[in-house]
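start.cif follows; it contains mmCIF, C-alpha atoms.
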```
data_model
#
loop_
_atom_site.label_atom_id
_atom_site.label_comp_id
_atom_site.auth_asym_id
_atom_site.auth_seq_id
_atom_site.Cartn_x
_atom_site.Cartn_y
_atom_site.Cartn_z
CA HIS L 9 10.62 17.04 -5.48
CA GLU L 10 12.16 14.05 -3.70
CA GLN L 11 14.89 13.50 -6.30
CA ILE L 12 16.64 16.75 -5.32
CA VAL L 13 16.53 16.15 -1.55
CA PRO L 14 19.97 14.42 -1.37
CA SER L 15 21.55 17.37 -3.23
CA LEU L 16 19.87 19.87 -0.89
CA ASN L 17 21.13 17.95 2.13
CA GLU L 18 24.66 17.86 0.76
CA ASN L 19 24.56 21.65 0.33
CA ASN L 20 23.31 22.27 3.89
CA TYR L 21 19.81 23.44 3.00
CA GLU L 22 17.25 23.22 5.79
CA LEU L 23 14.15 21.14 5.03
CA PHE L 24 10.84 21.59 6.81
CA HIS L 25 7.14 20.84 6.29
CA CYS L 26 4.89 23.64 5.11
CA THR L 27 1.10 23.94 5.01
CA ILE L 28 0.84 23.97 1.20
CA GLN L 29 -0.78 20.76 -0.05
CA ILE L 30 -0.19 19.52 -3.59
CA ASN L 31 -2.48 16.75 -4.81
CA HIS L 32 -0.60 14.73 -7.42
CA ILE L 33 -3.20 12.65 -9.29
CA GLY L 34 -1.01 11.53 -12.19
CA TYR L 35 -1.05 7.92 -11.00
CA ASN L 36 -4.73 7.80 -10.07
CA VAL L 37 -5.38 5.78 -13.23
CA SER L 38 -6.31 2.26 -14.34
CA LYS L 39 -4.03 -0.74 -13.84
CA ALA L 40 -3.31 -0.87 -17.56
CA GLU L 41 -2.29 2.80 -17.61
CA LYS L 42 -0.06 2.30 -14.56
CA GLU L 43 1.66 -0.57 -16.34
CA ASN L 44 2.12 1.57 -19.46
CA LYS L 45 3.72 4.31 -17.37
CA ALA L 46 5.90 1.77 -15.57
CA ASN L 47 7.15 0.32 -18.87
CA ARG L 48 7.84 3.85 -20.08
CA ASN L 49 9.84 4.65 -16.94
CA LEU L 50 11.72 1.36 -16.72
CA GLU L 51 14.22 1.98 -19.50
CA LEU L 52 15.05 5.45 -18.14
CA LEU L 53 15.45 4.17 -14.58
CA LEU L 54 17.69 1.28 -15.63
CA LYS L 55 19.86 3.65 -17.64
CA ASP L 56 20.09 6.03 -14.67
CA TYR L 57 20.87 3.21 -12.22
CA ASN L 58 23.60 1.78 -14.43
CA GLN L 59 25.26 5.20 -14.40
CA THR L 60 24.77 6.26 -10.78
CA LYS L 61 23.90 3.12 -8.70
CA THR L 62 22.01 5.26 -6.15
CA ALA L 63 19.73 3.68 -3.56
CA TYR L 64 16.94 6.08 -4.50
CA THR L 65 16.94 4.88 -8.13
CA ALA L 66 17.02 1.29 -6.83
CA PHE L 67 13.89 2.12 -4.81
CA GLN L 68 12.19 3.52 -7.93
CA LEU L 69 13.13 0.37 -9.85
CA GLY L 70 11.71 -1.80 -7.06
CA GLN L 71 8.42 0.12 -7.26
CA THR L 72 8.34 -0.05 -11.05
CA TYR L 73 8.93 -3.79 -11.17
CA SER L 74 6.25 -4.18 -8.48
CA VAL L 75 3.69 -2.44 -10.71
CA LEU L 76 4.73 -4.80 -13.51
CA ASN L 77 4.33 -7.84 -11.19
CA ASN L 78 7.97 -8.82 -11.72
CA HIS L 79 8.50 -9.91 -8.12
CA SER L 80 12.02 -11.31 -8.51
CA GLU L 81 13.41 -8.04 -9.92
CA SER L 82 11.39 -5.99 -7.44
CA GLU L 83 12.80 -7.99 -4.52
CA LYS L 84 16.33 -7.58 -5.87
CA TYR L 85 16.18 -3.79 -5.93
CA PHE L 86 14.37 -3.40 -2.60
CA ASN L 87 17.06 -5.54 -0.97
CA ILE L 88 19.66 -3.20 -2.49
CA VAL L 89 17.82 -0.32 -0.79
CA LEU L 90 17.80 -2.10 2.57
CA ASN L 91 21.55 -2.70 2.35
CA SER L 92 22.22 0.96 1.61
CA LYS L 93 23.23 3.54 4.21
CA GLU L 94 22.31 6.51 2.04
CA ILE L 95 18.53 6.00 1.86
CA SER L 96 16.04 7.78 4.16
CA SER L 97 14.36 5.83 6.94
CA ASP L 98 10.94 6.41 5.32
CA LEU L 99 11.96 4.75 2.07
CA LYS L 100 13.64 1.94 3.97
CA ALA L 101 10.32 1.32 5.74
CA GLU L 102 8.52 1.42 2.39
CA SER L 103 10.97 -1.15 1.01
CA TYR L 104 10.19 -3.49 3.89
CA ALA L 105 6.47 -3.00 3.20
CA TYR L 106 6.85 -3.78 -0.50
CA LEU L 107 8.80 -6.93 0.31
CA ALA L 108 6.12 -7.91 2.82
CA HIS L 109 3.46 -7.57 0.12
CA ILE L 110 5.49 -9.74 -2.26
CA LEU L 111 5.88 -12.49 0.36
CA HIS L 112 2.18 -12.22 1.23
CA THR L 113 1.26 -12.96 -2.39
CA LYS L 114 3.55 -16.01 -2.16
CA LEU L 115 1.66 -17.12 0.99
CA ASP L 116 4.80 -16.72 3.12
CA VAL L 117 2.93 -15.17 6.05
CA LEU L 118 5.79 -15.41 8.55
CA GLY L 119 8.24 -13.67 6.21
CA ALA L 120 5.66 -11.02 5.31
CA GLU L 121 4.89 -10.41 8.99
CA LYS L 122 8.59 -10.03 9.80
CA TYR L 123 9.10 -7.42 7.08
CA LEU L 124 6.00 -5.45 8.09
CA LEU L 125 7.03 -5.34 11.73
CA SER L 126 10.41 -3.99 10.56
CA ALA L 127 8.60 -1.31 8.54
CA ILE L 128 6.46 -0.34 11.53
CA ASP L 129 9.51 -0.28 13.80
CA ILE L 130 10.99 2.40 11.51
CA ASN L 131 7.76 4.27 10.78
CA PRO L 132 4.69 3.51 12.95
CA LYS L 133 2.53 6.18 11.26
CA GLN L 134 1.51 4.46 8.02
CA ALA L 135 -2.06 3.13 8.08
CA TYR L 136 -1.65 0.63 5.28
CA TYR L 137 1.18 -1.20 7.08
CA TYR L 138 -1.29 -2.13 9.80
CA LEU L 139 -4.04 -3.09 7.36
CA LEU L 140 -1.75 -5.54 5.58
CA LEU L 141 -0.51 -6.83 8.94
CA SER L 142 -4.14 -7.39 9.92
CA LYS L 143 -4.75 -9.42 6.76
CA ILE L 144 -1.63 -11.47 7.45
CA SER L 145 -2.82 -12.13 11.02
CA LEU L 146 -6.18 -13.24 9.61
CA ARG L 147 -4.42 -15.70 7.31
CA LYS L 148 -2.57 -17.01 10.39
CA GLN L 149 -5.97 -17.28 12.13
CA ASP L 150 -4.73 -14.95 14.85
CA TYR L 151 -8.04 -13.08 15.10
CA VAL L 152 -7.12 -11.02 18.17
CA LYS L 153 -4.14 -9.42 16.42
CA ALA L 154 -6.06 -9.10 13.16
CA LYS L 155 -8.69 -6.97 14.89
CA LEU L 156 -6.16 -4.91 16.85
CA TYR L 157 -4.12 -4.08 13.73
CA CYS L 158 -7.24 -3.30 11.70
CA LYS L 159 -8.48 -0.83 14.31
CA LYS L 160 -5.02 0.76 14.48
CA SER L 161 -5.06 1.14 10.69
CA TYR L 162 -8.44 2.87 10.82
CA GLU L 163 -7.36 5.26 13.58
CA LEU L 164 -4.15 6.19 11.75
CA ASN L 165 -5.98 6.67 8.48
CA LYS L 166 -8.39 9.13 10.15
CA SER L 167 -5.42 11.18 11.37
CA ASN L 168 -3.34 10.87 8.20
CA SER L 169 -3.44 14.61 7.49
CA ALA L 170 -1.64 15.21 10.78
CA ASN L 171 0.70 12.27 10.18
CA GLN L 172 2.00 13.69 6.90
CA LYS L 173 4.59 15.71 8.79
CA TYR L 174 6.11 12.42 9.98
CA ASN L 175 6.21 10.76 6.57
CA ALA L 176 8.13 11.54 3.40
CA GLN L 177 5.13 10.09 1.61
CA THR L 178 1.78 9.19 3.15
CA VAL L 179 -0.61 6.60 1.74
CA PHE L 180 -4.26 7.51 2.27
CA LEU L 181 -6.58 4.50 2.30
CA ASN L 182 -10.21 4.60 1.28
CA PRO L 183 -11.88 4.42 4.73
CA ARG L 184 -14.52 2.07 3.31
CA GLU L 185 -11.80 -0.46 2.50
CA ILE L 186 -10.78 -0.60 6.18
CA LEU L 187 -14.36 -0.48 7.48
CA TYR L 188 -15.58 -3.31 5.28
CA PHE L 189 -12.57 -5.42 6.26
CA ALA L 190 -13.21 -4.63 9.94
CA LEU L 191 -16.86 -5.64 9.57
CA TYR L 192 -15.77 -8.83 7.83
CA LEU L 193 -13.51 -9.63 10.81
CA ALA L 194 -16.37 -8.89 13.20
CA TYR L 195 -18.78 -11.08 11.25
CA HIS L 196 -16.25 -13.89 10.79
CA THR L 197 -15.50 -14.02 14.53
CA ASN L 198 -19.01 -13.17 15.78
CA ASP L 199 -17.58 -10.24 17.75
CA HIS L 200 -20.59 -8.05 18.62
CA ASP L 201 -18.59 -5.25 20.30
CA TYR L 202 -16.31 -4.96 17.27
CA THR L 203 -19.38 -4.97 15.01
CA ASN L 204 -21.09 -2.20 16.98
CA TYR L 205 -17.99 0.02 16.94
CA PHE L 206 -17.33 -0.29 13.21
CA ILE L 207 -20.93 -0.22 12.02
CA THR L 208 -21.26 3.12 13.84
CA GLU L 209 -18.15 4.37 12.04
CA PHE L 210 -19.51 3.01 8.76
CA TYR L 211 -22.77 4.93 9.15
CA LYS L 212 -20.76 8.13 9.69
CA ILE L 213 -18.90 7.54 6.43
CA ILE L 214 -22.04 7.00 4.33
CA LYS L 215 -24.09 9.82 5.86
CA ASN L 216 -23.70 12.00 2.75
CA ASP L 217 -24.55 9.23 0.26
CA ASN L 218 -27.71 9.32 -1.83
CA GLN L 219 -30.62 8.87 0.62
CA MET L 220 -32.31 5.93 -1.15
CA GLU L 221 -29.00 4.19 -1.82
CA LYS L 222 -27.98 4.70 1.80
CA ILE L 223 -31.22 3.15 3.10
CA SER L 224 -30.80 0.12 0.83
CA LEU L 225 -27.17 -0.33 1.89
CA ILE L 226 -28.06 -0.09 5.58
CA LYS L 227 -30.78 -2.72 5.11
CA ALA L 228 -28.29 -5.01 3.37
CA MET L 229 -25.67 -4.56 6.10
CA GLU L 230 -28.21 -5.16 8.87
CA SER L 231 -29.45 -8.32 7.16
CA ILE L 232 -25.90 -9.65 7.08
CA LEU L 233 -24.68 -8.59 10.51
CA LYS L 234 -27.87 -9.71 12.29
CA GLY L 235 -27.70 -13.12 10.63
CA ARG L 236 -31.02 -12.92 8.80
CA GLU L 237 -31.93 -15.38 6.09
CA LEU L 238 -31.91 -13.73 2.68
CA THR L 239 -34.70 -14.02 0.17
CA GLU L 240 -33.64 -14.17 -3.45
CA ALA L 241 -34.96 -10.62 -3.98
CA THR L 242 -33.06 -9.27 -0.96
CA GLY L 243 -29.90 -11.04 -2.08
CA LEU L 244 -30.12 -9.65 -5.60
CA GLU L 245 -30.74 -6.15 -4.23
CA MET L 246 -27.63 -6.58 -2.06
CA MET L 247 -25.56 -7.42 -5.15
CA ARG L 248 -25.65 -3.76 -6.24
CA PHE L 249 -23.34 -2.82 -3.39
CA ILE L 250 -20.68 -5.50 -3.78
CA ASP L 251 -17.23 -4.29 -4.79
CA ARG L 252 -13.63 -5.39 -4.25
CA ASN L 253 -13.62 -3.87 -0.74
CA ASN L 254 -16.59 -5.82 0.62
CA ILE L 255 -16.78 -8.96 -1.50
CA ASP L 256 -15.38 -11.18 1.29
CA LEU L 257 -18.03 -9.96 3.72
CA PHE L 258 -20.90 -10.48 1.30
CA GLN L 259 -19.55 -13.88 0.19
CA GLU L 260 -19.40 -15.15 3.75
CA ALA L 261 -22.96 -13.93 4.30
CA ILE L 262 -24.11 -15.88 1.22
CA MET L 263 -22.27 -19.04 2.33
CA ARG L 264 -23.96 -18.89 5.74
CA GLN L 265 -27.45 -19.01 4.23
CA LYS L 266 -29.42 -22.24 4.73
CA ASN L 267 -31.26 -22.28 1.40
CA LEU L 268 -28.96 -24.03 -1.06
CA GLN L 269 -30.80 -22.79 -4.16
CA ILE L 270 -30.59 -19.15 -3.07
CA LYS L 271 -26.87 -19.56 -2.32
CA CYS L 272 -26.36 -21.05 -5.78
CA LYS L 273 -28.27 -18.29 -7.60
CA LEU L 274 -26.49 -15.51 -5.70
CA LEU L 275 -23.03 -16.98 -6.25
CA GLU L 276 -23.73 -17.54 -9.96
CA LYS L 277 -24.81 -13.90 -10.17
CA LEU L 278 -21.68 -12.86 -8.27
CA LYS L 279 -19.46 -14.85 -10.61
CA LYS L 280 -20.80 -12.89 -13.60
CA SER L 281 -19.52 -9.67 -12.01
CA PHE L 282 -16.33 -11.13 -10.48
CA ASP L 283 -15.40 -13.88 -12.94
CA LYS L 284 -11.68 -13.57 -12.10
CA ASN L 285 -12.12 -13.90 -8.33
CA PRO L 286 -10.74 -17.31 -7.16
CA SER L 287 -12.75 -17.22 -3.93
CA VAL L 288 -16.06 -16.80 -5.78
CA ILE L 289 -15.19 -19.68 -8.09
CA LYS L 290 -14.17 -21.91 -5.16
CA ASN L 291 -17.34 -21.14 -3.17
CA LEU L 292 -19.59 -21.75 -6.17
CA SER L 293 -17.91 -25.14 -6.67
CA ILE L 294 -18.64 -25.99 -3.02
CA ILE L 295 -22.34 -25.22 -3.52
CA TYR L 296 -22.46 -27.28 -6.74
CA ASP L 297 -20.94 -30.22 -4.86
CA GLN L 298 -23.40 -29.84 -1.96
CA ASP L 299 -26.21 -29.87 -4.53
CA ASN L 300 -24.92 -33.23 -5.87
CA LYS L 301 -23.46 -31.56 -8.95
CA THR L 302 -19.87 -32.65 -8.33
CA LYS L 303 -19.05 -32.98 -12.02
CA LEU L 304 -20.19 -29.38 -12.55
CA ALA L 305 -17.98 -28.32 -9.62
CA ILE L 306 -15.01 -30.08 -11.24
CA GLU L 307 -15.74 -28.47 -14.60
CA LEU L 308 -15.90 -25.03 -13.00
CA LEU L 309 -12.54 -25.42 -11.24
CA GLU L 310 -10.84 -27.05 -14.23
CA ASN L 311 -12.02 -24.26 -16.55
CA ASN L 312 -10.53 -21.73 -14.13
CA ARG L 313 -7.39 -23.68 -13.21
CA GLU L 314 -5.09 -20.76 -14.01
CA LEU L 315 -7.03 -18.49 -11.64
CA ILE L 316 -7.04 -20.97 -8.74
CA GLU L 317 -3.47 -22.18 -9.21
CA LYS L 318 -2.27 -20.18 -6.17
CA ASP L 319 -5.29 -21.05 -4.02
CA ALA L 320 -4.39 -24.19 -2.08
CA GLY L 321 -7.93 -24.42 -0.70
CA ALA L 322 -9.52 -24.44 -4.17
CA LEU L 323 -7.05 -27.09 -5.37
CA PHE L 324 -7.78 -29.17 -2.26
CA TYR L 325 -11.49 -29.09 -3.09
CA LEU L 326 -10.78 -30.08 -6.70
CA ALA L 327 -8.68 -33.05 -5.55
CA SER L 328 -11.48 -34.03 -3.15
CA TYR L 329 -14.06 -33.84 -5.93
CA TYR L 330 -11.88 -36.14 -8.09
CA LEU L 331 -11.78 -38.57 -5.19
CA LYS L 332 -15.55 -38.37 -4.74
CA ILE L 333 -16.25 -39.49 -8.32
CA GLY L 334 -13.57 -42.20 -8.23
CA GLN L 335 -10.78 -40.49 -10.18
CA ILE L 336 -8.09 -41.78 -7.79
CA GLU L 337 -5.13 -41.08 -10.07
CA SER L 338 -6.14 -37.46 -10.71
CA SER L 339 -6.83 -36.94 -7.01
CA LEU L 340 -3.47 -38.36 -5.90
CA LYS L 341 -1.62 -36.31 -8.51
CA LEU L 342 -3.27 -33.07 -7.34
CA PHE L 343 -2.78 -33.79 -3.63
CA THR L 344 0.93 -34.36 -4.41
CA HIS L 345 1.01 -31.04 -6.25
CA ILE L 346 -0.49 -29.27 -3.19
CA GLU L 347 2.01 -30.96 -0.87
CA GLU L 348 4.97 -29.88 -3.01
CA HIS L 349 3.86 -26.33 -3.86
CA PHE L 350 2.24 -25.18 -0.59
CA PRO L 351 4.55 -26.40 2.22
CA GLN L 352 4.08 -23.05 4.01
CA ILE L 353 0.34 -23.59 4.58
CA LYS L 354 0.54 -25.59 7.79
CA GLU L 355 -3.21 -26.05 8.32
CA ILE L 356 -3.67 -27.94 5.04
CA GLN L 357 -0.52 -30.11 4.94
CA PRO L 358 -1.53 -32.66 7.64
CA LYS L 359 -4.84 -33.32 5.84
CA VAL L 360 -3.04 -33.78 2.53
CA LYS L 361 -0.53 -36.17 4.10
CA VAL L 362 -3.22 -38.38 5.65
CA ILE L 363 -5.28 -38.53 2.43
CA LYS L 364 -2.20 -39.30 0.33
CA GLU L 365 -1.17 -42.15 2.61
CA LYS L 366 -4.65 -43.70 2.35
CA LEU L 367 -4.72 -43.27 -1.43
CA LEU L 368 -1.27 -44.81 -1.85
CA ALA L 369 -2.27 -47.74 0.40
CA LEU L 370 -5.44 -48.20 -1.66
CA GLN L 371 -3.44 -48.01 -4.90
CA ASN L 372 -0.91 -50.60 -3.64
CA ALA L 373 -3.69 -52.92 -2.47
CA THR L 374 -5.36 -52.67 -5.87
CA ASN L 375 -2.12 -53.42 -7.69
#
```
Could you render the structure as C-alpha cells?
Amino acid sequence: HEQIVPSLNENNYELFHCTIQINHIGYNVSKAEKENKANRNLELLLKDYNQTKTAYTAFQLGQTYSVLNNHSESEKYFNIVLNSKEISSDLKAESYAYLAHILHTKLDVLGAEKYLLSAIDINPKQAYYYLLLSKISLRKQDYVKAKLYCKKSYELNKSNSANQKYNAQTVFLNPREILYFALYLAYHTNDHDYTNYFITEFYKIIKNDNQMEKISLIKAMESILKGRELTEATGLEMMRFIDRNNIDLFQEAIMRQKNLQIKCKLLEKLKKSFDKNPSVIKNLSIIYDQDNKTKLAIELLENNRELIEKDAGALFYLASYYLKIGQIESSLKLFTHIEEHFPQIKEIQPKVKVIKEKLLALQNATN
C-alpha cells in the first residue's frame, strides 16, 4: 500500500510493477457515501498530520477536503504538497490537477489551464488531465485545442492498462464520457471529420448493448448529428438515453430545433429529470422568453437562484428579462452583481459595461 512506500525506500527496498491487478472498489459508491467516508477519515488524517506533518498526509487531506467541497482547505493542503521535496512526482502532478479543478469551478480558466499544463509536464500519461484541459479550452472558445486534447484523452484512456506502469495511480474514465464530449465538440463546431471519427468509435463501444436499445440510440444520435428536425415522439424517445455524460449534446440539439413548442416540451421534460442542472434551467427560460412568456422565465430563474448563482450567463439572461419588462432597478442591480462577481469572464464583461452605462444614463435622465 502507498503509505508504506516511503519506509520501503528509506530501507533500500527495490520497487517494481508486477502483473497482479487488484481492483479496489471501496470508493465506487454514491456521493453521499463518499462524503460520509471523507468525514470519517478527516479527524484521523488531521490528527496524523498534526503529529507528523508529512506531505503524503497533506495530500490525503487535500483529497478529503475536495470530496467535502471545502475548496479553501483543499487548496491549502495541495499547496503544501507542491512546496514539499519529499512527495513523489505522480502525487505532485495529481495536486496540480486537483488545484486546476478547483480553479475551473471558480471559472478561473487561465489559472486552471496553467495548473493542468504543470500536471501534464510531470505526468503526460493521465487521460483525465487532457479531458479537463479540453473542457477548459472549450470554455475559452479555443475549439482547435479543445478537440486536440479531447482526442488525446480518448487515446490515452484506451491504453490506460499499459500506462499503469508509468503511474502510481491511474484514473480510468468511462469511454462514453469522452466520446459524448467529443461528439458534442464536433456538433458544436460542425466538424464533420471529427464527427465521423468519434461516431465510429462510439458504435464500437455500444456494439454489445441490447440490440433494440442500440438501434434506438443510433437513430437518436443520427437525428442529432445529421441536423434533422425532431418530432415530439422522436424527442421523447431520445430522452431515455440522456445522462450526465451526454446532456450537453442533447440540449444543444434541442435548442437548434425550429419548432418552439417542441423545444419547450422537451426542455420541460428534461427539467423533470435534471432539476438541479443550471444549463437546463437557463435554456428553458430562454424558450419561455422567446414564446413571449418572459414573466414565466423570470419566475423560473428566481425560483432557482441558488442553482444559477455561479452561472454568469443565466444571471445575464435574468437581468435582461428584468429590463424587458421594465424593472430597471432590478436589472441594474443584477448587472452590477455580474460585473463585480465575474470579472474573469471576458466575453460577458463588455456587454455588461455597455448596458450598465445606458441604464445609468437613463436613470439620471429620469431623475
Q: Just the residues within 10 Å of stretch 82-94 of chain L, please, counting all atoms listed in the file, with nothing from its chain fewer than 4 positions along; format it as a PyMOL selection string.
A: chain L and resi 14+61-78+99-108+110-111
Q | Residue nearest L:Cys272 among L:Glu240, L:Glu81, L:Glu348, L:Glu310 (counting only C-alpha atoms) | A |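 Smallest separation from L:Cys272 among the options: L:Glu240.
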When the PyMOL selection byres ((chain L and resi 342) around 12) is applied to the file above, which residues end up in the set, as a PDB file with C-alpha atoms, keeping the file's coordinate frame?
```
ATOM      1  CA  GLU L 310     -10.840 -27.050 -14.230  1.00  0.00           C
ATOM      2  CA  ARG L 313      -7.390 -23.680 -13.210  1.00  0.00           C
ATOM      3  CA  GLU L 317      -3.470 -22.180  -9.210  1.00  0.00           C
ATOM      4  CA  ALA L 320      -4.390 -24.190  -2.080  1.00  0.00           C
ATOM      5  CA  GLY L 321      -7.930 -24.420  -0.700  1.00  0.00           C
ATOM      6  CA  ALA L 322      -9.520 -24.440  -4.170  1.00  0.00           C
ATOM      7  CA  LEU L 323      -7.050 -27.090  -5.370  1.00  0.00           C
ATOM      8  CA  PHE L 324      -7.780 -29.170  -2.260  1.00  0.00           C
ATOM      9  CA  TYR L 325     -11.490 -29.090  -3.090  1.00  0.00           C
ATOM     10  CA  LEU L 326     -10.780 -30.080  -6.700  1.00  0.00           C
ATOM     11  CA  ALA L 327      -8.680 -33.050  -5.550  1.00  0.00           C
ATOM     12  CA  SER L 328     -11.480 -34.030  -3.150  1.00  0.00           C
ATOM     13  CA  TYR L 329     -14.060 -33.840  -5.930  1.00  0.00           C
ATOM     14  CA  TYR L 330     -11.880 -36.140  -8.090  1.00  0.00           C
ATOM     15  CA  LEU L 331     -11.780 -38.570  -5.190  1.00  0.00           C
ATOM     16  CA  GLN L 335     -10.780 -40.490 -10.180  1.00  0.00           C
ATOM     17  CA  ILE L 336      -8.090 -41.780  -7.790  1.00  0.00           C
ATOM     18  CA  GLU L 337      -5.130 -41.080 -10.070  1.00  0.00           C
ATOM     19  CA  SER L 338      -6.140 -37.460 -10.710  1.00  0.00           C
ATOM     20  CA  SER L 339      -6.830 -36.940  -7.010  1.00  0.00           C
ATOM     21  CA  LEU L 340      -3.470 -38.360  -5.900  1.00  0.00           C
ATOM     22  CA  LYS L 341      -1.620 -36.310  -8.510  1.00  0.00           C
ATOM     23  CA  PHE L 343      -2.780 -33.790  -3.630  1.00  0.00           C
ATOM     24  CA  THR L 344       0.930 -34.360  -4.410  1.00  0.00           C
ATOM     25  CA  HIS L 345       1.010 -31.040  -6.250  1.00  0.00           C
ATOM     26  CA  ILE L 346      -0.490 -29.270  -3.190  1.00  0.00           C
ATOM     27  CA  GLU L 347       2.010 -30.960  -0.870  1.00  0.00           C
ATOM     28  CA  GLU L 348       4.970 -29.880  -3.010  1.00  0.00           C
ATOM     29  CA  HIS L 349       3.860 -26.330  -3.860  1.00  0.00           C
ATOM     30  CA  PHE L 350       2.240 -25.180  -0.590  1.00  0.00           C
ATOM     31  CA  VAL L 360      -3.040 -33.780   2.530  1.00  0.00           C
ATOM     32  CA  ILE L 363      -5.280 -38.530   2.430  1.00  0.00           C
ATOM     33  CA  LYS L 364      -2.200 -39.300   0.330  1.00  0.00           C
ATOM     34  CA  LEU L 367      -4.720 -43.270  -1.430  1.00  0.00           C
TER      35      LEU L 367
END
```
Q: Write out as a PyMOL selection string which residues come within 9 Å of L:Arg264 when counting only C-alpha atoms, dropping same-chain ones fewer than 4 positions away.
A: chain L and resi 235+237+259-260+271
(Q) Residue by residue, what does the PyMOL selection byres ((chain L and resi 139) around 9) grab here? Present the result as a list in words. (A)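 So the PyMOL selection byres ((chain L and resi 139) around 9) ends up selecting Ala135, Tyr136, Tyr137, Tyr138, Leu140, Leu141, Ser142, Lys143, Ile144, Ala154, Tyr157, Cys158, Lys159, Lys160, Ser161, Tyr162, Ile186 and Phe189 of chain L.
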Q. Using all atoms listed in the file, can you list as number ranges by chain the residues within 8 Å of (-10.3, -17.1, -9.6)?
A. L: 283-290, 312, 314-316
Q. When the PyMOL selection byres ((chain L and resi 293) around 8) is applied to the file above, which residues end up in the set, as a VMD selection string?
A. chain L and resid 289 to 292 294 to 297 302 304 to 306 308 to 309
Q. Can you tell me how far atom CA of L:Asn182 sits from atom CA of L:Met246, in Å to one decimal?
A. 21.0 Å
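Distance-wise, atom CA of L:Asn300 and atom CA of L:Lys266 end up 15.9 Å apart.
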Q: Choose the residue, out of L:Leu156, L:Leu257, L:Gln298, L:Met247, that has the smallest atom-to-atom separation from L:Lys279; count only C-alpha atoms.
A: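 Between L:Leu156, L:Leu257, L:Gln298, L:Met247, the residue approaching L:Lys279 most closely is L:Met247.
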